>>> print(open('my_file23.csv').read())   # CSV, C-alpha atoms
chain,number,residue,atom,x,y,z
J,1155,MET,CA,123.7,104.5,85.1
J,1156,VAL,CA,124.5,101.1,83.9
J,1157,GLY,CA,126.0,101.9,80.5
J,1158,GLY,CA,128.6,104.0,79.0
J,1159,MET,CA,131.5,105.8,80.5
J,1160,VAL,CA,130.5,107.4,83.8
J,1161,GLY,CA,132.6,110.1,85.2
J,1162,VAL,CA,133.2,110.3,89.0
J,1163,ALA,CA,131.1,113.0,90.6
J,1164,ARG,CA,132.8,115.4,92.9
J,1165,VAL,CA,130.1,115.3,95.6
J,1166,ASP,CA,130.4,114.9,99.3
J,1167,ARG,CA,129.3,111.3,99.8
J,1168,ALA,CA,128.1,111.8,103.3
J,1169,GLU,CA,126.0,114.8,102.3
J,1170,LEU,CA,124.7,112.9,99.2
J,1171,ARG,CA,123.7,109.9,101.3
J,1172,ARG,CA,121.9,112.2,103.8
J,1173,PHE,CA,120.1,114.0,101.0
J,1174,ILE,CA,119.0,110.7,99.3
J,1175,SER,CA,118.0,109.1,102.6
J,1176,GLU,CA,115.8,112.1,103.4
J,1177,LYS,CA,114.1,111.9,100.0
J,1178,TYR,CA,113.4,108.2,100.3
J,1179,THR,CA,112.2,108.6,103.9
J,1180,GLU,CA,109.5,110.8,102.4
J,1181,VAL,CA,108.7,108.1,99.8
J,1182,ALA,CA,108.4,105.6,102.6
J,1183,MET,CA,106.3,107.7,104.9
J,1184,ASN,CA,104.2,109.7,102.4
J,1185,PRO,CA,104.1,108.0,99.1
J,1186,GLU,CA,100.8,109.7,98.2
J,1187,LEU,CA,102.6,113.1,97.9
J,1188,GLY,CA,103.9,112.4,94.4
J,1189,PHE,CA,107.5,112.9,93.3
J,1190,HIS,CA,109.5,113.6,90.2
J,1191,PHE,CA,109.3,109.8,89.5
J,1192,HIS,CA,106.3,107.5,89.4
J,1193,THR,CA,105.6,105.2,92.4
J,1194,GLY,CA,103.5,102.3,93.5
J,1195,ARG,CA,101.5,99.8,91.5
J,1196,PRO,CA,101.0,102.1,88.5
J,1197,LEU,CA,104.8,102.2,88.1
J,1198,ALA,CA,105.1,98.5,88.6
J,1199,ASN,CA,102.5,98.0,85.8
J,1200,MET,CA,104.6,100.3,83.5
J,1201,LEU,CA,107.6,98.1,84.2
J,1202,GLY,CA,105.9,94.9,83.3
J,1203,TYR,CA,105.3,93.3,86.8
J,1204,PRO,CA,102.3,91.0,86.5
J,1205,GLY,CA,99.2,92.3,88.4
J,1206,ASP,CA,98.7,89.0,90.2
J,1207,VAL,CA,102.2,89.3,91.6
J,1208,THR,CA,101.9,92.9,92.9
J,1209,ASP,CA,98.3,92.4,94.1
J,1210,ARG,CA,99.6,89.9,96.7
J,1211,LEU,CA,101.9,92.5,98.3
J,1212,PRO,CA,100.8,94.6,101.2
J,1213,ASP,CA,99.8,98.2,100.2
J,1214,ALA,CA,102.4,99.7,102.5
J,1215,ASN,CA,105.2,98.0,100.5
J,1216,ALA,CA,103.7,98.5,97.1
J,1217,ASP,CA,102.8,102.2,97.5
J,1218,SER,CA,106.4,103.2,98.2
J,1219,PHE,CA,107.8,101.3,95.2
J,1220,ALA,CA,110.1,103.6,93.3
J,1221,GLY,CA,112.1,101.4,90.9
J,1222,THR,CA,113.3,102.1,87.4
J,1223,GLY,CA,113.2,98.5,86.0
J,1224,ASN,CA,112.0,95.0,86.7
J,1225,PRO,CA,114.6,92.6,88.0
J,1226,PHE,CA,112.4,89.6,87.2
J,1227,LEU,CA,112.0,90.6,83.6
J,1228,PHE,CA,114.6,88.0,82.6
J,1229,GLY,CA,112.9,85.2,84.5
J,1230,ASP,CA,111.9,84.2,88.0
J,1231,LEU,CA,114.5,83.3,90.6
J,1232,ALA,CA,114.9,79.6,91.3
J,1233,SER,CA,113.7,77.8,94.4
J,1234,GLY,CA,116.4,77.7,97.1
J,1235,GLU,CA,118.6,80.6,95.7
J,1236,ARG,CA,120.4,83.0,97.9
J,1237,VAL,CA,119.5,86.6,97.0
J,1238,VAL,CA,120.8,90.1,98.0
J,1239,ASP,CA,118.5,93.0,97.3
J,1240,VAL,CA,120.8,96.1,97.1
J,1241,GLY,CA,118.9,99.1,98.2
J,1242,CYS,CA,115.7,97.2,99.0
J,1243,GLY,CA,113.7,100.3,99.7
J,1244,ALA,CA,110.2,99.5,101.0
J,1245,GLY,CA,110.7,95.8,100.1
J,1246,PHE,CA,108.7,95.5,97.0
J,1247,ASP,CA,111.2,93.4,95.1
J,1248,THR,CA,112.4,91.7,98.3
J,1249,LEU,CA,108.9,90.3,98.9
J,1250,ILE,CA,108.6,89.1,95.3
J,1251,ALA,CA,112.1,87.5,95.4
J,1252,ALA,CA,111.3,85.7,98.7
J,1253,GLN,CA,108.2,84.1,97.3
J,1254,GLN,CA,110.1,82.9,94.2
J,1255,VAL,CA,113.1,81.3,96.2
J,1256,GLY,CA,110.7,79.8,98.7
J,1257,SER,CA,111.4,78.8,102.3
J,1258,ASN,CA,114.6,77.0,101.3
J,1259,GLY,CA,116.1,80.2,99.9
J,1260,ARG,CA,117.3,83.3,101.6
J,1261,VAL,CA,117.0,87.0,100.8
J,1262,VAL,CA,119.2,89.5,102.4
J,1263,ALA,CA,117.7,93.0,101.9
J,1264,VAL,CA,120.1,95.9,102.4
J,1265,ASP,CA,119.2,99.6,102.7
J,1266,MET,CA,120.7,102.7,104.3
J,1267,THR,CA,117.3,104.3,105.2
J,1268,ALA,CA,115.8,103.2,108.5
J,1269,GLU,CA,112.2,103.9,107.4
J,1270,MET,CA,112.5,101.8,104.3
J,1271,ARG,CA,114.1,98.9,106.3
J,1272,ALA,CA,111.2,99.1,108.8
J,1273,LYS,CA,108.7,98.8,105.9
J,1274,THR,CA,110.5,95.7,104.5
J,1275,VAL,CA,110.6,94.1,107.9
J,1276,ALA,CA,106.9,94.7,108.5
J,1277,GLY,CA,106.0,93.4,105.0
J,1278,ALA,CA,108.0,90.2,105.5
J,1279,SER,CA,106.3,89.6,108.8
J,1280,GLU,CA,102.8,90.3,107.4
J,1281,MET,CA,103.5,87.8,104.6
J,1282,GLY,CA,105.1,85.2,106.8
J,1283,LEU,CA,108.3,85.3,104.7
J,1284,THR,CA,110.9,84.2,107.3
J,1285,GLN,CA,113.6,83.7,104.6
J,1286,ILE,CA,114.1,87.5,104.5
J,1287,GLU,CA,116.7,89.2,106.6
J,1288,VAL,CA,117.0,93.0,106.5
J,1289,ARG,CA,120.4,94.6,107.1
J,1290,GLU,CA,121.6,98.2,107.3
J,1291,GLY,CA,124.3,99.0,104.7
J,1292,TYR,CA,125.5,100.7,101.6
J,1293,ALA,CA,125.8,99.4,98.1
J,1294,GLU,CA,129.6,100.1,98.1
J,1295,ALA,CA,130.1,98.0,101.3
J,1296,LEU,CA,127.5,95.3,101.5
J,1297,PRO,CA,127.1,93.5,104.8
J,1298,VAL,CA,127.3,90.1,103.1
J,1299,ASP,CA,130.1,87.4,103.0
J,1300,ASP,CA,132.3,86.9,99.9
J,1301,GLY,CA,130.7,84.5,97.3
J,1302,TRP,CA,127.5,84.1,99.3
J,1303,ALA,CA,124.9,85.1,96.7
J,1304,ASP,CA,123.5,83.3,93.6
J,1305,VAL,CA,121.8,86.5,92.4
J,1306,ILE,CA,121.8,90.2,93.2
J,1307,ILE,CA,118.8,92.3,92.5
J,1308,SER,CA,118.6,96.0,92.7
J,1309,ASN,CA,116.2,98.6,91.3
J,1310,GLY,CA,116.9,102.3,90.8
J,1311,VAL,CA,119.8,102.3,93.2
J,1312,VAL,CA,123.1,102.3,91.3
J,1313,ASN,CA,122.3,105.6,89.7
J,1314,LEU,CA,122.2,107.2,93.2
J,1315,CYS,CA,125.8,106.0,94.0
J,1316,PRO,CA,128.6,108.4,92.9
J,1317,ASP,CA,131.1,105.6,92.4
J,1318,LYS,CA,129.4,103.0,90.2
J,1319,ARG,CA,132.6,101.0,89.6
J,1320,ALA,CA,132.9,100.4,93.4
J,1321,VAL,CA,129.3,99.2,93.5
J,1322,PHE,CA,129.8,96.7,90.7
J,1323,LYS,CA,133.0,95.4,92.2
J,1324,GLU,CA,131.2,95.0,95.5
J,1325,MET,CA,128.5,93.0,93.7
J,1326,LEU,CA,131.2,90.8,92.2
J,1327,ARG,CA,132.7,90.1,95.6
J,1328,VAL,CA,129.3,89.0,97.0
J,1329,LEU,CA,128.4,86.8,94.1
J,1330,LYS,CA,129.4,83.1,93.7
J,1331,PRO,CA,131.3,82.3,90.5
J,1332,GLY,CA,128.7,82.1,87.8
J,1333,GLY,CA,126.3,84.2,89.9
J,1334,ARG,CA,124.3,87.0,88.3
J,1335,ILE,CA,122.8,90.4,88.7
J,1336,GLN,CA,119.3,91.3,87.6
J,1337,ILE,CA,119.1,95.0,88.2
J,1338,GLY,CA,116.9,97.9,87.1
J,1339,ASP,CA,118.5,101.2,86.7
J,1340,ILE,CA,118.6,104.2,84.2
J,1341,LEU,CA,120.3,105.1,81.0
J,1342,VAL,CA,121.1,108.7,80.3
J,1343,HIS,CA,121.2,109.5,76.6
J,1344,LYS,CA,122.4,113.1,76.8
J,1345,GLU,CA,125.7,114.1,78.3
J,1346,VAL,CA,125.4,115.3,81.8
J,1347,PRO,CA,127.7,118.3,82.4
J,1348,GLN,CA,130.1,118.0,85.3
J,1349,ASP,CA,128.4,120.9,87.2
J,1350,ALA,CA,125.2,118.9,87.1
J,1351,LYS,CA,127.0,115.7,88.3
J,1352,ASP,CA,128.3,117.8,91.2
J,1353,ASP,CA,124.9,119.2,92.2
J,1354,ILE,CA,123.5,117.0,94.9
J,1355,ALA,CA,120.0,118.4,94.4
J,1356,LEU,CA,119.9,116.8,90.9
J,1357,TRP,CA,120.9,113.3,92.0
J,1358,SER,CA,117.4,112.3,92.8
J,1359,GLY,CA,115.7,114.9,90.6
Q,707,MET,CA,130.3,99.4,79.2
Q,708,LEU,CA,131.1,99.9,82.8
Q,709,LEU,CA,129.7,96.5,83.8
Q,710,GLU,CA,132.1,94.7,81.4
Q,711,GLN,CA,135.0,96.9,82.4
Q,712,THR,CA,134.4,95.9,86.0
Q,713,GLY,CA,134.4,92.1,85.2
Q,714,PHE,CA,130.9,91.1,84.4
Q,715,VAL,CA,130.2,89.0,81.3
Q,716,ASP,CA,127.2,88.0,79.2
Q,717,VAL,CA,125.5,91.4,79.7
Q,718,VAL,CA,122.0,91.6,78.4
Q,719,MET,CA,119.8,94.7,78.5
Q,720,SER,CA,116.0,95.0,78.3
Q,721,ASN,CA,114.1,97.5,76.2
Q,722,GLU,CA,114.1,101.0,77.6
Q,723,VAL,CA,111.1,102.4,79.5
Q,724,ASP,CA,110.2,106.0,79.9
Q,725,VAL,CA,109.7,105.9,83.7
Q,726,PHE,CA,109.8,109.7,84.4
Q,727,SER,CA,107.3,111.3,81.9
Q,728,GLY,CA,104.0,112.1,83.4
Q,729,SER,CA,105.1,112.0,87.1
Q,730,LYS,CA,103.5,114.5,89.4
Q,731,HIS,CA,106.6,116.8,89.5
Q,732,GLU,CA,108.8,117.9,86.7
Q,733,SER,CA,112.0,116.0,86.6
Q,734,ASP,CA,115.5,117.0,85.4
Q,735,ALA,CA,115.7,113.4,84.2
Q,736,LYS,CA,113.7,114.4,81.2
Q,737,GLU,CA,116.2,117.0,80.2
Q,738,PHE,CA,118.9,114.4,79.9
Q,739,ASP,CA,116.6,111.9,78.1
Q,740,THR,CA,116.8,109.4,81.0
Q,741,ARG,CA,115.1,105.9,80.6
Q,742,GLY,CA,114.6,103.0,82.8
Q,743,VAL,CA,116.3,99.7,81.8
Q,744,THR,CA,116.9,96.2,83.3
Q,745,VAL,CA,120.2,94.4,83.0
Q,746,LEU,CA,121.2,90.8,83.4
Q,747,ALA,CA,124.9,90.1,83.7
Q,748,HIS,CA,127.0,87.3,85.2
Q,749,LYS,CA,130.1,86.9,87.3
Q,750,PRO,CA,132.6,84.6,85.4
Q,751,ARG,CA,132.9,81.0,86.6
>>> encode(input="my_file23.csv", output="structure tokens")
Amino acid sequence: MVGGMVGVARVDRAELRRFISEKYTEVAMNPELGFHFHTGRPLANMLGYPGDVTDRLPDANADSFAGTGNPFLFGDLASGERVVDVGCGAGFDTLIAAQQVGSNGRVVAVDMTAEMRAKTVAGASEMGLTQIEVREGYAEALPVDDGWADVIISNGVVNLCPDKRAVFKEMLRVLKPGGRIQIGDILVHKEVPQDAKDDIALWSG
Amino acid sequence: MLLEQTGFVDVVMSNEVDVFSGSKHESDAKEFDTRGVTVLAHKPR
């Protein structure tokens, strides 16, 4: 949730991470099952990704896309930029970012779920995008040096983190002065009661 | 807004998109009127 005052949820973070990782392993391995959110190229079309951009991506990466926005809506990334994709998932945005920054740029793709990281690695290899490096990590503790990134992208990830303030502070640490975030996430227009915030089953449902 | 409280500046938000309606399984997101959005924000120089 990117806007408004967000209370801190009283959830067991390890348990929440395990629950979310299991959910997104399913999205990685069996995207055809259907979920409580849209996935794949139909979702990308809803979010304004150009068809000629998504058509170039391998099906394995496109089919498991589960974002909530379009980090490239405000403009393409520039050639040579250094990018961090926080919660890269199956690599949908990672692969697009790598094409935009070109071989002189770098994209560090971070995800906590092994099956998603494996998909991103495979997609980068299939597309010959050697500027991509995939790392294991969490949004609250990114495996990236201070001031390294020109831009951080992320899509549908911050809402899955119980301490959003910690995530945004970590993004500030990783960005260069003047750097930017281009992130897709969600806005919740109705007050979410504390008992719902504390219910792990509702975090990805 | 949390982004500004954390230290980001020049925050710009896209139009909202209903990214949950019509998905295969019912979502609690609908109950809370949840919408997808994209945000651009900068770290101060």
>>> residues_near_point(input="my_file23.csv", point="(137.7, 80.4, 86.3)", cutoff="9 Å", atoms="all atoms listed in the file", output="ChimeraX atom specification")
/J:1331 /Q:750-751
>>> atom_distance(input="my_file23.csv", atom1="atom CA of Ser720 of chain Q", atom2="atom CA of Asp1317 of chain J")
23.2 Å
>>> atom_distance(input="my_file23.csv", atom1="atom CA of Gly1221 of chain J", atom2="atom CA of Cys1242 of chain J")
9.8 Å
>>> closest_residue(input="my_file23.csv", among="J:Arg1319, J:Arg1236, J:His1192, J:Arg1289", to="Val725 of chain Q", atoms="all atoms listed in the file")
J:His1192
>>> closest_residue(input="my_file23.csv", among="J:Ala1198, J:Ala1252, J:Val1305, J:Leu1341", to="chain Q", atoms="all atoms listed in the file")
J:Leu1341
>>> residues_around(input="my_file23.csv", residues="segment 1217-1219 of chain J", least_positions_apart="6", cutoff="7 Å", atoms="only C-alpha atoms", output="PyMOL selection string")
chain J and resi 1181-1182+1185+1193-1195+1244+1246
>>> atom_distance(input="my_file23.csv", atom1="atom CA of Asp1304 of chain J", atom2="atom CA of Gly1333 of chain J")
4.7 Å
>>> residues_around(input="my_file23.csv", residues="segment 721-724 of chain Q", least_positions_apart="6", cutoff="9 Å", atoms="all atoms listed in the file", output="short mmCIF file (atom, residue, chain, number, x, y, z; two decimals) with C-alpha atoms, keeping the file's coordinate frame")
data_model
loop_
_atom_site.label_atom_id
_atom_site.label_comp_id
_atom_site.auth_asym_id
_atom_site.auth_seq_id
_atom_site.Cartn_x
_atom_site.Cartn_y
_atom_site.Cartn_z
CA MET J 1200 104.60 100.30 83.50
CA LEU J 1201 107.60 98.10 84.20
CA THR J 1222 113.30 102.10 87.40
CA GLY J 1223 113.20 98.50 86.00
CA ILE J 1340 118.60 104.20 84.20
CA LEU J 1341 120.30 105.10 81.00
CA ASP Q 739 116.60 111.90 78.10
CA THR Q 740 116.80 109.40 81.00
CA ARG Q 741 115.10 105.90 80.60
CA GLY Q 742 114.60 103.00 82.80
CA VAL Q 743 116.30 99.70 81.80
CA THR Q 744 116.90 96.20 83.30
#
>>> residues_around(input="my_file23.csv", residues="His748 of chain Q", least_positions_apart="4", cutoff="10 Å", atoms="only C-alpha atoms", output="MDAnalysis selection string")
(chainID J and resid 1304:1306 1326 1329:1336) or (chainID Q and resid 709:710 713:718)
>>> closest_residue(input="my_file23.csv", among="J:Gln1253, J:Ser1233, J:Ser1308, J:Thr1274", to="chain Q", atoms="only C-alpha atoms")
J:Ser1308
>>> residues_around(input="my_file23.csv", residues="segment 1208-1211 of chain J", least_positions_apart="4", cutoff="9 Å", atoms="only C-alpha atoms", output="short mmCIF file (atom, residue, chain, number, x, y, z; two decimals) with C-alpha atoms, in the coordinates of the input")
data_model
loop_
_atom_site.label_atom_id
_atom_site.label_comp_id
_atom_site.auth_asym_id
_atom_site.auth_seq_id
_atom_site.Cartn_x
_atom_site.Cartn_y
_atom_site.Cartn_z
CA ARG J 1195 101.50 99.80 91.50
CA ALA J 1198 105.10 98.50 88.60
CA ASN J 1199 102.50 98.00 85.80
CA TYR J 1203 105.30 93.30 86.80
CA PRO J 1204 102.30 91.00 86.50
CA ASN J 1215 105.20 98.00 100.50
CA ALA J 1216 103.70 98.50 97.10
CA PHE J 1246 108.70 95.50 97.00
CA LEU J 1249 108.90 90.30 98.90
CA ILE J 1250 108.60 89.10 95.30
CA GLY J 1277 106.00 93.40 105.00
CA MET J 1281 103.50 87.80 104.60
#
>>> residues_around(input="my_file23.csv", residues="Asp1265 of chain J", least_positions_apart="6", cutoff="6 Å", atoms="all atoms listed in the file", output="PyMOL selection string")
chain J and resi 1241-1242+1290-1291
>>> closest_residue(input="my_file23.csv", among="J:Glu1169, J:Phe1191, J:Lys1273, J:Glu1176", to="Phe726 of chain Q", atoms="only C-alpha atoms")
J:Phe1191
>>> residues_near_point(input="my_file23.csv", point="(135.5, 87.9, 97.9)", cutoff="6 Å", atoms="all atoms listed in the file", output="number ranges by chain")
J: 1300-1301, 1327
>>> closest_residue(input="my_file23.csv", among="Q:Met707, Q:Glu737, Q:Ser727, Q:Met719", to="chain J", atoms="all atoms listed in the file")
Q:Met707
>>> build_atoms(input="my_file23.csv", residues="segment 1252-1278 of chain J", atoms="N, CA and C atoms", output="JSON list (two decimals), in the coordinates of the input")
[["chain", "number", "residue", "atom", "x", "y", "z"],
["J", 1252, "ALA", "N", 111.47, 86.71, 97.64],
["J", 1252, "ALA", "CA", 111.30, 85.70, 98.70],
["J", 1252, "ALA", "C", 110.29, 84.66, 98.36],
["J", 1253, "GLN", "N", 109.23, 85.09, 97.70],
["J", 1253, "GLN", "CA", 108.20, 84.10, 97.30],
["J", 1253, "GLN", "C", 108.76, 83.19, 96.21],
["J", 1254, "GLN", "N", 109.60, 83.74, 95.31],
["J", 1254, "GLN", "CA", 110.10, 82.90, 94.20],
["J", 1254, "GLN", "C", 111.17, 81.90, 94.74],
["J", 1255, "VAL", "N", 112.02, 82.28, 95.68],
["J", 1255, "VAL", "CA", 113.10, 81.30, 96.20],
["J", 1255, "VAL", "C", 112.49, 80.38, 97.20],
["J", 1256, "GLY", "N", 111.37, 80.74, 97.80],
["J", 1256, "GLY", "CA", 110.70, 79.80, 98.70],
["J", 1256, "GLY", "C", 111.41, 79.76, 100.08],
["J", 1257, "SER", "N", 110.89, 78.89, 100.90],
["J", 1257, "SER", "CA", 111.40, 78.80, 102.30],
["J", 1257, "SER", "C", 112.78, 78.20, 102.37],
["J", 1258, "ASN", "N", 113.24, 77.54, 101.30],
["J", 1258, "ASN", "CA", 114.60, 77.00, 101.30],
["J", 1258, "ASN", "C", 115.63, 78.03, 100.81],
["J", 1259, "GLY", "N", 115.15, 79.15, 100.30],
["J", 1259, "GLY", "CA", 116.10, 80.20, 99.90],
["J", 1259, "GLY", "C", 116.26, 81.22, 100.95],
["J", 1260, "ARG", "N", 117.09, 82.21, 100.63],
["J", 1260, "ARG", "CA", 117.30, 83.30, 101.60],
["J", 1260, "ARG", "C", 117.36, 84.62, 100.79],
["J", 1261, "VAL", "N", 116.86, 85.67, 101.39],
["J", 1261, "VAL", "CA", 117.00, 87.00, 100.80],
["J", 1261, "VAL", "C", 117.51, 87.95, 101.85],
["J", 1262, "VAL", "N", 118.68, 88.50, 101.58],
["J", 1262, "VAL", "CA", 119.20, 89.50, 102.40],
["J", 1262, "VAL", "C", 118.92, 90.88, 101.79],
["J", 1263, "ALA", "N", 118.14, 91.69, 102.47],
["J", 1263, "ALA", "CA", 117.70, 93.00, 101.90],
["J", 1263, "ALA", "C", 118.50, 94.09, 102.65],
["J", 1264, "VAL", "N", 119.20, 94.90, 101.84],
["J", 1264, "VAL", "CA", 120.10, 95.90, 102.40],
["J", 1264, "VAL", "C", 119.60, 97.30, 102.02],
["J", 1265, "ASP", "N", 119.54, 98.19, 102.98],
["J", 1265, "ASP", "CA", 119.20, 99.60, 102.70],
["J", 1265, "ASP", "C", 119.79, 100.49, 103.75],
["J", 1266, "MET", "N", 120.10, 101.72, 103.35],
["J", 1266, "MET", "CA", 120.70, 102.70, 104.30],
["J", 1266, "MET", "C", 119.64, 103.47, 105.06],
["J", 1267, "THR", "N", 118.38, 103.42, 104.60],
["J", 1267, "THR", "CA", 117.30, 104.30, 105.20],
["J", 1267, "THR", "C", 116.46, 103.48, 106.14],
["J", 1268, "ALA", "N", 116.44, 103.92, 107.40],
["J", 1268, "ALA", "CA", 115.80, 103.20, 108.50],
["J", 1268, "ALA", "C", 114.29, 102.97, 108.18],
["J", 1269, "GLU", "N", 113.63, 104.00, 107.66],
["J", 1269, "GLU", "CA", 112.20, 103.90, 107.40],
["J", 1269, "GLU", "C", 111.87, 102.88, 106.34],
["J", 1270, "MET", "N", 112.73, 102.78, 105.35],
["J", 1270, "MET", "CA", 112.50, 101.80, 104.30],
["J", 1270, "MET", "C", 112.77, 100.36, 104.88],
["J", 1271, "ARG", "N", 113.82, 100.21, 105.66],
["J", 1271, "ARG", "CA", 114.10, 98.90, 106.30],
["J", 1271, "ARG", "C", 112.91, 98.46, 107.14],
["J", 1272, "ALA", "N", 112.34, 99.41, 107.89],
["J", 1272, "ALA", "CA", 111.20, 99.10, 108.80],
["J", 1272, "ALA", "C", 110.02, 98.58, 107.94],
["J", 1273, "LYS", "N", 109.80, 99.20, 106.79],
["J", 1273, "LYS", "CA", 108.70, 98.80, 105.90],
["J", 1273, "LYS", "C", 108.93, 97.34, 105.40],
["J", 1274, "THR", "N", 110.18, 97.06, 105.03],
["J", 1274, "THR", "CA", 110.50, 95.70, 104.50],
["J", 1274, "THR", "C", 110.29, 94.67, 105.62],
["J", 1275, "VAL", "N", 110.77, 94.99, 106.82],
["J", 1275, "VAL", "CA", 110.60, 94.10, 107.90],
["J", 1275, "VAL", "C", 109.11, 93.80, 108.20],
["J", 1276, "ALA", "N", 108.32, 94.86, 108.19],
["J", 1276, "ALA", "CA", 106.90, 94.70, 108.50],
["J", 1276, "ALA", "C", 106.20, 93.89, 107.36],
["J", 1277, "GLY", "N", 106.59, 94.13, 106.11],
["J", 1277, "GLY", "CA", 106.00, 93.40, 105.00],
["J", 1277, "GLY", "C", 106.34, 91.91, 105.06],
["J", 1278, "ALA", "N", 107.59, 91.62, 105.38],
["J", 1278, "ALA", "CA", 108.00, 90.20, 105.50],
["J", 1278, "ALA", "C", 107.23, 89.53, 106.60]]
